[in-house]
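Below is data.cif, which holds mmCIF, C-alpha atoms and all ligand atoms.
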```cif
data_final
loop_
_atom_site.label_atom_id
_atom_site.label_comp_id
_atom_site.auth_asym_id
_atom_site.auth_seq_id
_atom_site.Cartn_x
_atom_site.Cartn_y
_atom_site.Cartn_z
CA MET H 271 91.31 39.24 -53.91
CA LYS H 272 88.62 39.39 -56.59
CA HIS H 273 87.24 42.91 -56.99
CA VAL H 274 83.67 42.35 -58.19
CA LYS H 275 82.72 45.39 -60.28
CA THR H 276 79.15 45.98 -59.29
CA ALA H 277 76.16 48.14 -60.17
CA MET H 278 73.50 48.73 -57.55
CA LEU H 279 70.09 49.63 -59.01
CA GLY H 280 67.67 51.20 -56.54
CA LEU H 281 68.76 52.82 -53.30
CA GLY H 282 65.74 52.14 -51.10
CA ASN H 283 65.27 50.08 -47.94
CA VAL H 284 66.82 46.89 -49.27
CA HIS H 285 69.93 48.38 -50.84
CA LYS H 286 70.56 50.80 -47.97
CA ASN H 287 70.75 47.71 -45.76
CA LEU H 288 72.88 45.89 -48.32
CA ILE H 289 75.37 48.78 -48.36
CA SER H 290 75.61 48.66 -44.56
CA ILE H 291 76.11 44.89 -44.61
CA LEU H 292 78.78 45.03 -47.32
CA GLU H 293 80.64 47.69 -45.28
CA GLU H 294 80.24 45.79 -42.01
CA LYS H 295 81.28 42.46 -43.54
CA ARG H 296 84.07 43.81 -45.74
CA ALA H 297 86.80 42.04 -43.74
CA SER H 298 84.93 38.70 -43.60
CA LEU H 299 84.14 38.83 -47.31
CA GLY H 300 87.82 39.31 -48.05
CA ALA H 301 89.20 36.83 -45.54
CA GLN H 302 86.68 34.03 -46.06
CA TYR H 303 85.79 34.38 -49.74
CA GLY H 304 88.53 36.53 -51.30
CA LEU H 305 85.86 38.96 -52.52
CA GLU H 306 85.42 42.69 -52.49
CA PHE H 307 82.29 44.24 -54.02
CA LYS H 308 83.35 47.48 -55.69
CA ILE H 309 80.27 49.58 -56.49
CA ILE H 310 81.01 51.43 -59.72
CA ALA H 311 77.43 52.38 -60.69
CA ILE H 312 74.39 53.31 -58.62
CA SER H 313 70.90 54.42 -59.50
CA ASP H 314 67.66 55.64 -58.02
CA SER H 315 64.56 57.17 -59.61
CA SER H 316 66.61 60.27 -60.54
CA GLY H 317 69.01 58.30 -62.77
CA ILE H 318 72.41 56.64 -62.67
CA ALA H 319 75.88 57.71 -61.49
CA VAL H 320 79.19 56.07 -62.39
CA ASN H 321 82.59 56.04 -60.70
CA GLU H 322 84.86 53.38 -62.18
CA ASP H 323 87.23 53.67 -59.18
CA GLY H 324 84.37 52.67 -56.90
CA PHE H 325 82.03 54.84 -54.86
CA ASP H 326 82.60 55.58 -51.21
CA MET H 327 79.40 53.78 -50.24
CA ALA H 328 79.29 55.09 -46.66
CA ALA H 329 79.23 58.60 -48.15
CA VAL H 330 76.52 57.58 -50.67
CA LEU H 331 74.45 56.17 -47.82
CA ASP H 332 74.80 59.41 -45.84
CA HIS H 333 73.86 61.41 -48.94
CA LYS H 334 70.74 59.31 -49.52
CA ARG H 335 69.74 59.23 -45.84
CA ASN H 336 69.95 63.01 -45.77
CA GLY H 337 67.44 63.28 -48.62
CA GLY H 338 70.01 63.44 -51.45
CA ARG H 339 69.43 61.75 -54.78
CA VAL H 340 71.76 60.02 -57.22
CA SER H 341 71.36 63.05 -59.52
CA GLY H 342 73.25 65.05 -56.85
CA LEU H 343 76.29 62.73 -56.88
CA LYS H 344 79.57 63.30 -58.73
CA GLY H 345 79.52 61.00 -61.75
CA TYR H 346 75.81 61.47 -62.49
CA GLN H 347 75.15 60.36 -66.07
CA GLY H 348 71.42 60.94 -66.58
CA THR H 349 68.51 58.56 -66.84
CA ARG H 350 69.53 56.24 -69.70
CA GLN H 351 70.28 53.53 -67.20
CA GLN H 352 70.32 50.48 -69.43
CA HIS H 353 72.43 52.15 -72.11
CA ILE H 354 75.02 53.27 -69.54
CA LEU H 355 75.14 49.85 -67.85
CA ASN H 356 75.77 48.19 -71.22
CA GLU H 357 78.93 50.28 -71.66
CA LEU H 358 80.42 49.46 -68.26
CA PRO H 359 82.94 46.69 -67.45
CA LEU H 360 80.64 45.05 -64.90
CA ASP H 361 80.74 41.66 -63.18
CA LEU H 362 77.49 41.99 -61.23
CA ILE H 363 74.23 43.91 -60.97
CA PHE H 364 72.27 44.08 -57.72
CA GLU H 365 68.61 44.81 -58.66
CA ALA H 366 66.24 46.21 -56.00
CA THR H 367 63.99 48.65 -57.82
CA PRO H 368 60.19 48.72 -57.48
CA VAL H 369 58.43 45.65 -58.78
CA ASP H 370 56.51 45.64 -62.07
CA LEU H 371 54.66 42.34 -62.00
CA LYS H 372 52.78 42.91 -65.25
CA THR H 373 55.78 43.24 -67.60
CA GLY H 374 58.92 42.94 -65.47
CA GLY H 375 59.63 46.58 -66.43
CA GLU H 376 63.01 48.07 -67.29
CA ALA H 377 64.53 45.68 -64.74
CA LEU H 378 63.74 42.73 -67.01
CA ASP H 379 65.42 44.36 -70.03
CA ILE H 380 68.45 45.20 -67.89
CA CYS H 381 68.69 41.62 -66.61
CA ARG H 382 68.38 40.23 -70.15
CA SER H 383 71.13 42.38 -71.62
CA ALA H 384 73.40 41.88 -68.60
CA LEU H 385 73.10 38.09 -68.71
CA ILE H 386 73.62 38.01 -72.48
CA ARG H 387 76.97 39.73 -72.07
CA GLY H 388 77.99 37.57 -69.12
CA VAL H 389 77.23 39.99 -66.29
CA SER H 390 75.69 38.22 -63.28
CA VAL H 391 72.52 39.53 -61.66
CA VAL H 392 71.18 39.23 -58.12
CA LEU H 393 67.61 40.37 -57.60
CA ALA H 394 65.28 41.28 -54.76
CA ASN H 395 62.78 42.57 -57.34
CA LYS H 396 60.52 39.66 -58.28
CA GLY H 397 59.15 41.27 -61.48
CA PRO H 398 61.75 39.81 -63.88
CA VAL H 399 61.67 36.43 -62.11
CA VAL H 400 57.89 36.15 -62.27
CA GLN H 401 57.84 37.16 -65.91
CA ALA H 402 60.80 35.34 -67.39
CA LEU H 403 62.63 32.99 -65.02
CA ALA H 404 63.25 30.21 -67.55
CA GLU H 405 64.47 32.67 -70.18
CA LEU H 406 66.81 34.43 -67.73
CA GLU H 407 68.22 31.14 -66.45
CA GLY H 408 68.77 30.06 -70.07
CA LEU H 409 70.65 33.27 -70.85
CA ALA H 410 72.79 32.87 -67.73
CA LYS H 411 73.64 29.29 -68.66
CA LYS H 412 74.61 30.30 -72.18
CA SER H 413 76.91 33.14 -71.18
CA GLY H 414 78.24 31.57 -67.98
CA ALA H 415 76.87 34.40 -65.85
CA GLY H 416 75.23 33.78 -62.50
CA ILE H 417 71.69 34.60 -61.49
CA GLY H 418 70.52 34.81 -57.87
CA TYR H 419 67.00 35.59 -56.73
CA SER H 420 66.63 33.93 -53.33
CA ALA H 421 65.61 37.30 -51.83
CA THR H 422 62.51 37.46 -54.06
CA VAL H 423 60.76 34.73 -52.06
CA CYS H 424 60.15 35.73 -48.44
CA GLY H 425 63.29 37.87 -48.15
CA GLY H 426 65.68 36.09 -45.85
CA LEU H 427 63.77 32.79 -45.57
CA PRO H 428 65.96 30.52 -47.69
CA VAL H 429 63.12 28.51 -49.26
CA LEU H 430 64.74 28.20 -52.68
CA ASN H 431 68.19 27.44 -51.31
CA ILE H 432 66.98 24.74 -48.95
CA ALA H 433 65.05 23.01 -51.70
CA ARG H 434 67.84 23.32 -54.24
CA ARG H 435 70.97 22.82 -52.19
CA ASP H 436 69.97 20.75 -49.19
CA MET H 437 67.54 18.26 -50.73
CA VAL H 438 69.74 16.52 -53.28
CA CYS H 439 67.66 13.90 -55.16
CA GLY H 440 64.74 14.54 -52.81
CA ASP H 441 61.21 14.70 -54.16
CA ILE H 442 59.12 17.44 -52.62
CA ARG H 443 55.69 15.88 -52.10
CA LYS H 444 54.10 18.94 -50.53
CA LEU H 445 55.13 22.50 -49.74
CA SER H 446 52.99 24.87 -47.68
CA GLY H 447 53.81 28.33 -46.46
CA VAL H 448 52.68 31.54 -44.83
CA PHE H 449 54.39 34.18 -46.90
CA ASN H 450 52.52 37.43 -46.28
CA GLY H 451 52.96 39.61 -43.20
CA THR H 452 50.08 41.94 -44.07
CA SER H 453 47.60 39.07 -43.85
CA ASN H 454 49.09 37.95 -40.54
CA PHE H 455 48.59 41.41 -39.06
CA ILE H 456 45.03 41.63 -40.37
CA PHE H 457 44.08 38.21 -38.97
CA ASP H 458 45.61 39.10 -35.58
CA ALA H 459 43.64 42.34 -35.45
CA LEU H 460 40.38 40.62 -36.55
CA ALA H 461 40.84 38.05 -33.78
CA ARG H 462 40.93 40.97 -31.34
CA GLY H 463 37.50 42.05 -32.59
CA MET H 464 38.35 44.71 -35.17
CA SER H 465 36.45 45.09 -38.42
CA PHE H 466 38.32 44.29 -41.64
CA ASP H 467 38.83 48.00 -42.42
CA GLU H 468 40.14 48.72 -38.91
CA ALA H 469 42.42 45.68 -39.13
CA LEU H 470 43.79 46.87 -42.46
CA LEU H 471 44.41 50.31 -41.02
CA GLU H 472 46.30 48.75 -38.12
CA ALA H 473 48.42 46.71 -40.58
CA GLN H 474 49.22 49.97 -42.40
CA ASN H 475 50.04 51.74 -39.12
CA VAL H 476 52.59 49.11 -38.09
CA GLY H 477 54.19 49.34 -41.53
CA ALA H 478 53.17 45.84 -42.65
CA ALA H 479 50.77 46.94 -45.40
CA GLU H 480 51.40 49.31 -48.28
CA ALA H 481 49.15 52.31 -48.93
CA ASP H 482 47.70 50.11 -51.69
CA PRO H 483 47.56 46.65 -50.08
CA THR H 484 45.45 44.99 -52.78
CA LEU H 485 48.20 42.59 -53.85
CA ASP H 486 48.56 41.33 -50.27
CA ILE H 487 44.87 41.10 -49.43
CA GLY H 488 43.93 39.54 -52.75
CA GLY H 489 46.51 36.77 -52.21
CA TRP H 490 48.57 37.83 -55.21
CA ASP H 491 51.80 38.58 -53.37
CA THR H 492 51.69 35.04 -51.96
CA ALA H 493 50.79 33.63 -55.38
CA PHE H 494 53.81 35.31 -57.01
CA LYS H 495 56.08 33.77 -54.40
CA LEU H 496 54.49 30.35 -54.95
CA LEU H 497 54.93 30.79 -58.70
CA ILE H 498 58.67 31.41 -58.28
CA ILE H 499 59.01 28.41 -55.95
CA ALA H 500 57.04 26.18 -58.33
CA ASN H 501 59.09 27.09 -61.38
CA SER H 502 62.40 27.27 -59.61
CA VAL H 503 62.50 24.21 -57.38
CA LEU H 504 59.36 22.10 -57.84
CA GLY H 505 60.06 21.31 -61.49
CA ALA H 506 56.76 22.88 -62.56
CA ASN H 507 56.44 25.11 -65.56
CA ILE H 508 53.41 27.13 -64.61
CA SER H 509 52.03 30.62 -64.95
CA LEU H 510 49.83 32.58 -62.57
CA ASP H 511 46.76 31.11 -64.32
CA ASN H 512 47.69 27.70 -62.92
CA ILE H 513 47.40 28.92 -59.33
CA GLU H 514 43.96 29.03 -57.65
CA VAL H 515 44.02 32.29 -55.73
CA GLU H 516 41.56 33.37 -53.06
CA GLY H 517 42.17 36.47 -50.96
CA ILE H 518 41.33 37.21 -47.34
CA GLU H 519 38.61 39.81 -47.94
CA GLU H 520 35.79 37.50 -46.83
CA ILE H 521 37.31 36.70 -43.43
CA THR H 522 35.51 38.44 -40.57
CA ASP H 523 36.21 39.16 -36.91
CA GLU H 524 33.32 36.81 -35.95
CA MET H 525 34.95 33.90 -37.81
CA LEU H 526 38.33 34.51 -36.21
CA ILE H 527 36.92 34.95 -32.69
CA LYS H 528 34.78 31.80 -32.98
CA GLU H 529 37.73 29.76 -34.26
CA LYS H 530 40.06 31.16 -31.59
CA GLU H 531 37.73 29.79 -28.90
CA ARG H 532 38.10 26.36 -30.52
CA GLY H 533 41.92 26.63 -30.57
CA ASN H 534 42.06 27.46 -34.26
CA THR H 535 43.26 30.32 -36.38
CA ILE H 536 43.10 31.27 -40.06
CA LYS H 537 46.18 31.94 -42.19
CA LEU H 538 46.70 32.80 -45.83
CA VAL H 539 48.44 29.64 -47.00
CA ALA H 540 50.26 28.84 -50.23
CA ASN H 541 50.18 25.16 -51.03
CA ALA H 542 51.75 22.98 -53.70
CA GLU H 543 50.78 19.33 -53.76
CA GLU H 544 50.36 16.75 -56.53
CA GLY H 545 50.57 19.35 -59.28
CA ARG H 546 47.91 21.58 -57.70
CA PHE H 547 48.83 25.09 -56.60
CA THR H 548 46.59 27.10 -54.30
CA VAL H 549 46.63 30.29 -52.26
CA LYS H 550 43.73 30.65 -49.85
CA PRO H 551 42.74 31.30 -46.24
CA VAL H 552 43.05 28.01 -44.33
CA LEU H 553 41.77 26.99 -40.90
CA LEU H 554 44.68 25.73 -38.74
CA PRO H 555 45.24 24.77 -35.11
CA ILE H 556 46.79 27.77 -33.31
CA ASP H 557 49.64 25.56 -32.09
CA SER H 558 50.43 24.09 -35.54
CA PHE H 559 53.59 25.27 -37.28
CA LEU H 560 51.90 27.45 -39.91
CA GLY H 561 49.13 28.43 -37.47
CA SER H 562 51.79 29.95 -35.25
CA CYS H 563 53.39 32.14 -37.94
CA ASN H 564 52.35 35.55 -36.65
CA GLY H 565 53.11 39.18 -37.35
CA TRP H 566 56.46 39.64 -39.07
CA GLU H 567 57.04 35.87 -39.26
CA MET H 568 56.97 33.85 -42.46
CA GLY H 569 57.20 30.08 -42.52
CA VAL H 570 57.43 27.14 -44.87
CA GLU H 571 56.80 23.44 -44.33
CA ILE H 572 58.40 21.06 -46.83
CA HIS H 573 57.36 17.39 -47.01
CA SER H 574 59.67 15.16 -49.02
CA ASP H 575 60.36 11.51 -49.73
CA ILE H 576 63.80 11.21 -48.13
CA TYR H 577 64.38 14.41 -46.12
CA GLY H 578 61.39 14.11 -43.82
CA ILE H 579 59.22 17.09 -43.00
CA MET H 580 61.11 20.35 -42.56
CA TYR H 581 59.81 23.46 -40.84
CA HIS H 582 61.52 26.81 -41.36
CA LYS H 583 60.43 30.11 -39.92
CA LEU H 584 61.89 33.60 -40.20
CA TYR H 585 61.17 36.79 -38.26
CA GLU H 586 61.95 39.69 -40.59
CA LYS H 587 60.77 43.16 -39.64
CA GLU H 588 63.43 45.28 -41.34
CA PRO H 589 64.72 44.00 -44.69
CA ILE H 590 68.15 43.20 -43.24
CA PRO H 591 67.80 39.44 -43.93
CA THR H 592 66.56 40.28 -47.46
CA ALA H 593 69.68 42.38 -48.07
CA ALA H 594 71.86 39.67 -46.52
CA SER H 595 70.30 37.15 -48.91
CA MET H 596 71.38 39.30 -51.83
CA MET H 597 74.93 39.32 -50.49
CA ARG H 598 74.72 35.55 -50.00
CA ASP H 599 73.59 35.01 -53.61
CA ALA H 600 76.43 37.20 -54.87
CA VAL H 601 79.03 35.40 -52.75
CA ASN H 602 77.74 32.04 -53.96
CA ILE H 603 78.08 33.19 -57.57
CA PHE H 604 81.64 34.50 -57.22
CA ARG H 605 83.21 32.41 -54.45
CA ASN H 606 84.47 29.66 -56.75
CA ARG H 607 85.37 31.76 -59.77
N1 LIG C 701 61.54 45.66 -48.42
C1 LIG C 701 61.46 44.33 -48.34
O1 LIG C 701 61.29 43.79 -47.27
C2 LIG C 701 61.61 43.48 -49.57
C3 LIG C 701 61.74 42.08 -49.41
C4 LIG C 701 61.92 41.29 -50.57
C5 LIG C 701 61.90 41.90 -51.82
N2 LIG C 701 61.74 43.27 -51.92
C6 LIG C 701 61.73 43.87 -53.26
O2 LIG C 701 62.95 44.62 -53.40
C7 LIG C 701 62.71 45.76 -54.23
C8 LIG C 701 63.15 47.01 -53.47
O3 LIG C 701 62.42 47.11 -52.26
P1 LIG C 701 62.66 48.35 -51.28
O4 LIG C 701 61.88 48.03 -50.05
O5 LIG C 701 64.11 48.65 -51.18
O6 LIG C 701 61.94 49.49 -52.10
P2 LIG C 701 62.02 51.07 -51.89
O7 LIG C 701 62.47 51.38 -50.50
O8 LIG C 701 60.75 51.63 -52.39
O9 LIG C 701 63.21 51.51 -52.87
C9 LIG C 701 63.13 51.47 -54.26
C10 LIG C 701 64.33 52.18 -54.82
O10 LIG C 701 64.30 52.08 -56.24
C11 LIG C 701 64.50 53.38 -56.78
N3 LIG C 701 63.92 53.47 -58.11
C12 LIG C 701 62.64 53.72 -58.50
N4 LIG C 701 62.54 53.67 -59.82
C13 LIG C 701 63.77 53.39 -60.29
C14 LIG C 701 64.31 53.24 -61.58
N5 LIG C 701 63.57 53.33 -62.69
N6 LIG C 701 65.63 52.97 -61.71
C15 LIG C 701 66.41 52.87 -60.62
N7 LIG C 701 65.97 52.99 -59.36
C16 LIG C 701 64.66 53.26 -59.22
C17 LIG C 701 63.89 54.33 -55.79
O11 LIG C 701 64.41 55.63 -56.01
P3 LIG C 701 64.16 56.86 -55.04
O12 LIG C 701 65.06 56.61 -53.85
O13 LIG C 701 64.60 58.02 -55.83
O14 LIG C 701 62.71 56.84 -54.70
C18 LIG C 701 64.36 53.69 -54.49
O15 LIG C 701 65.67 54.07 -54.20
C19 LIG C 701 61.23 45.75 -54.58
O16 LIG C 701 61.06 45.17 -55.85
C20 LIG C 701 60.62 44.87 -53.49
O17 LIG C 701 59.43 44.24 -53.92
C21 LIG C 701 61.61 44.06 -50.82
#
```

Would you mind writing the structure in this file as structure tokens?
Ligand SMILES: NC(=O)c1ccc[n+]([C@@H]2O[C@H](COP(=O)([O-])OP(=O)(O)OC[C@H]3O[C@@H](n4cnc5c(N)ncnc54)[C@H](OP(=O)(O)O)[C@@H]3O)[C@@H](O)[C@H]2O)c1
Amino acid sequence: MKHVKTAMLGLGNVHKNLISILEEKRASLGAQYGLEFKIIAISDSSGIAVNEDGFDMAAVLDHKRNGGRVSGLKGYQGTRQQHILNELPLDLIFEATPVDLKTGGEALDICRSALIRGVSVVLANKGPVVQALAELEGLAKKSGAGIGYSATVCGGLPVLNIARRDMVCGDIRKLSGVFNGTSNFIFDALARGMSFDEALLEAQNVGAAEADPTLDIGGWDTAFKLLIIANSVLGANISLDNIEVEGIEEITDEMLIKEKERGNTIKLVANAEEGRFTVKPVLLPIDSFLGSCNGWEMGVEIHSDIYGIMYHKLYEKEPIPTAASMMRDAVNIFRNR
């Protein structure tokens, strides 16, 4: 049995689900992969705690669910997270702290120093990946560490894995996707005759939109996902400036209602084709694959030279598939070591 000494940064929705999954799948992880993830460091916004014998994660989960913070745990070491991580004998860091898309934030520095010293990282936080994917992959290659970030693109929808693992020697001619639940909810509400503001409020009420939904509505959340896909599996080397981004602010209830009568709908679509990358609202038949990605569904359509046209769709309301994807990335890094 390989005991993977692990740090878990962030104890929010994603990592709470990851803890539950790691507990629930403990026996399968051992029997099928010879792996046990031993969490020796954990952090939240109050700082980091360390227990080199491994935390009782069910107890940590209870503590957190009852309003406790890491600062209230035995082994609390303060807020100098990166410094403390650098001193620990770690194999792996799970990173699911809030995203900083402008700089990558502290998470990027932590990933850099971990990979330099051969510690693998698995991220749900897209900040470091958006900012410095090529650099981080280079560091991982040099030190022999692993890097997994499949959860950063559409949570549990395995877009990156399908393209990388299942399309050997295939050329992707076109990739299109609906990657943003907030937009889906807004379009659905507009089609029922609501104004844009009412539709946004409804998206917030069902928990699809953040209090500040500007990244979703402006198309930027979708653009960041397209950026990661482009640089990770489409062989592009682009920045956000290379993506034409148009948000959904100009779409009205009248447009949606008129199009619905004609059997059409509008979706916020990310598209990569012939070196052109776009994110914009697109008119689609209601019964087309992307036109039928509604509510909590995300979908991707991949056209290739030798693997045909693939359609993949995921329904993800709670971030359980996102957390499972982090476990999957970690297992794939350590299963053959
Ligand atoms: N939720 C999803 O469906 C989903 C899907 C794909 C990717 N992601 C990405 O995954 C990441 C986590 O998402 P989430 O939904 O779990 O977020 P969340 O519920 O807001 O949790 C964030 C966690 O990070 C902690 N935190 C804040 N600042 C920190 C710091 N400086 N150091 C360490 N921990 C810190 C927070 O601490 P407190 O508990 O003290 O507030 C909280 O525990 C985000 O980057 C998100 O974009 C989320």

**OP:** Between atom C17 of ligand LIG 701 (chain C) and atom CA of H:Met278, measure the distance and give it in Å to one decimal.
**Re:**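 Here the two named atoms are 11.3 Å from each other.
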
**OP:** Please check which protein, DNA or RNA residues sit within 8 Å of ligand LIG 701 (chain C), counting all atoms listed in the file, and write them as number ranges by chain.
**Re:** H: 279-286, 313-318, 334, 339-340, 351, 365-370, 376-377, 393-397, 421-426, 586-590, 592

**OP:** Grab the atom CA of H:Ser290 to atom CA of H:Ile417 distance for me, in Å with one decimal place.
**Re:**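 That distance, rounded to one decimal, is 22.4 Å.
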
H:Gly451 environment, 6 Å, only C-alpha atoms, sequence neighbours closer than 2 positions dropped, as a short mmCIF file (atom, residue, chain, number, x, y, z; two decimals) with C-alpha atoms, in the coordinates of the input:
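See result-v8.cif below for the written result:
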```
data_model
loop_
_atom_site.label_atom_id
_atom_site.label_comp_id
_atom_site.auth_asym_id
_atom_site.auth_seq_id
_atom_site.Cartn_x
_atom_site.Cartn_y
_atom_site.Cartn_z
CA SER H 453 47.60 39.07 -43.85
CA ASN H 454 49.09 37.95 -40.54
CA GLY H 565 53.11 39.18 -37.35
CA TRP H 566 56.46 39.64 -39.07
#
```

Env of H:Ala277: 8 Å cut, atoms = all atoms listed in the file, seq-sep filter 5 positions within chain, self excluded. Answer as a PDB file with C-alpha atoms, in the coordinates of the input.
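Contents of out-v3.pdb, as written:
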```pdb
ATOM      1  CA  ILE H 309      80.270  49.580 -56.490  1.00  0.00           C
ATOM      2  CA  ILE H 310      81.010  51.430 -59.720  1.00  0.00           C
ATOM      3  CA  ALA H 311      77.430  52.380 -60.690  1.00  0.00           C
ATOM      4  CA  ILE H 312      74.390  53.310 -58.620  1.00  0.00           C
ATOM      5  CA  LEU H 355      75.140  49.850 -67.850  1.00  0.00           C
ATOM      6  CA  LEU H 360      80.640  45.050 -64.900  1.00  0.00           C
ATOM      7  CA  LEU H 362      77.490  41.990 -61.230  1.00  0.00           C
ATOM      8  CA  ILE H 363      74.230  43.910 -60.970  1.00  0.00           C
ATOM      9  CA  PHE H 364      72.270  44.080 -57.720  1.00  0.00           C
TER      10      PHE H 364
END
```

**OP:** For each of H:Gly374, H:Gly463, H:Arg607, H:Ala479, take the minimum atom-to-atom distance to H:Glu524, counting all atoms listed in the file, then give the residue where this is smallest.
**Re:**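 Checking each of H:Gly374, H:Gly463, H:Arg607, H:Ala479 against H:Glu524, counting all atoms listed in the file, the winner is H:Gly463.
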
**OP:** Find the residues around stretch 496-503 of chain H up to 8 Å (only C-alpha atoms counted), leave out those fewer than 3 positions away in its own chain, and share them as a list in words.
**Re:**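 Result of the neighbour search: Val399, Val400, Leu403, Val423, Val429, Leu430, Ala433, Arg434, Thr492, Ala493, Ala506, Asn507, Ile508, Ser509, Leu510, Ile513, Ala540, Asn541, Ala542 and Phe547 of chain H.
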
**OP:** Please measure the separation of atom CA of H:Asn534 and atom CA of H:Leu553, giving the value in Å to one decimal.
**Re:** 6.7 Å

Subject >> Counting all atoms listed in the file, the residue of H:Ala594, H:Val539, H:Leu305, H:Ile518 that sits nearest H:Gly569 >> reply: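 For H:Gly569, the nearest of the candidates is H:Val539.
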
Subject >> Distance query 12 Å from (42.4, 32.4, -53.7) using all atoms listed in the file, result as a PyMOL selection string >> reply: chain H and resi 485-493+510-520+538-541+547-552

Subject >> Nearest to H:Gly440, chosen from H:Gly338, H:Gly505, H:Thr373, H:Glu567, with all atoms listed in the file counted in the distances >> reply: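 Closest residue, counting all atoms listed in the file: H:Gly505.
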
**OP:** Using all atoms listed in the file, determine which residues lie at most 10 Å from H:Leu526, disregarding the query and same-chain residues fewer than 4 positions distant; provide the list as a PyMOL selection string.
**Re:** chain H and resi 457-463+521-522+530-532+534-536+553

**OP:** Please provide the set of residues having any atom within 10 Å of H:Cys439, restricted to all atoms listed in the file, with same-chain residues fewer than 4 positions apart removed, written as a list of chain:residue names.
**Re:** H:Arg434, H:Arg435, H:Asp575, H:Ile576, H:Tyr577

**OP:** Go through H:Val389, H:Arg296, H:Ser341, H:Ile354 one by one, measure the shortest atom-to-atom distance of each to H:Phe604 using only C-alpha atoms, and give the residue with the smallest value.
**Re:**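 Answer, going by the shortest atom-to-atom distance: H:Val389.
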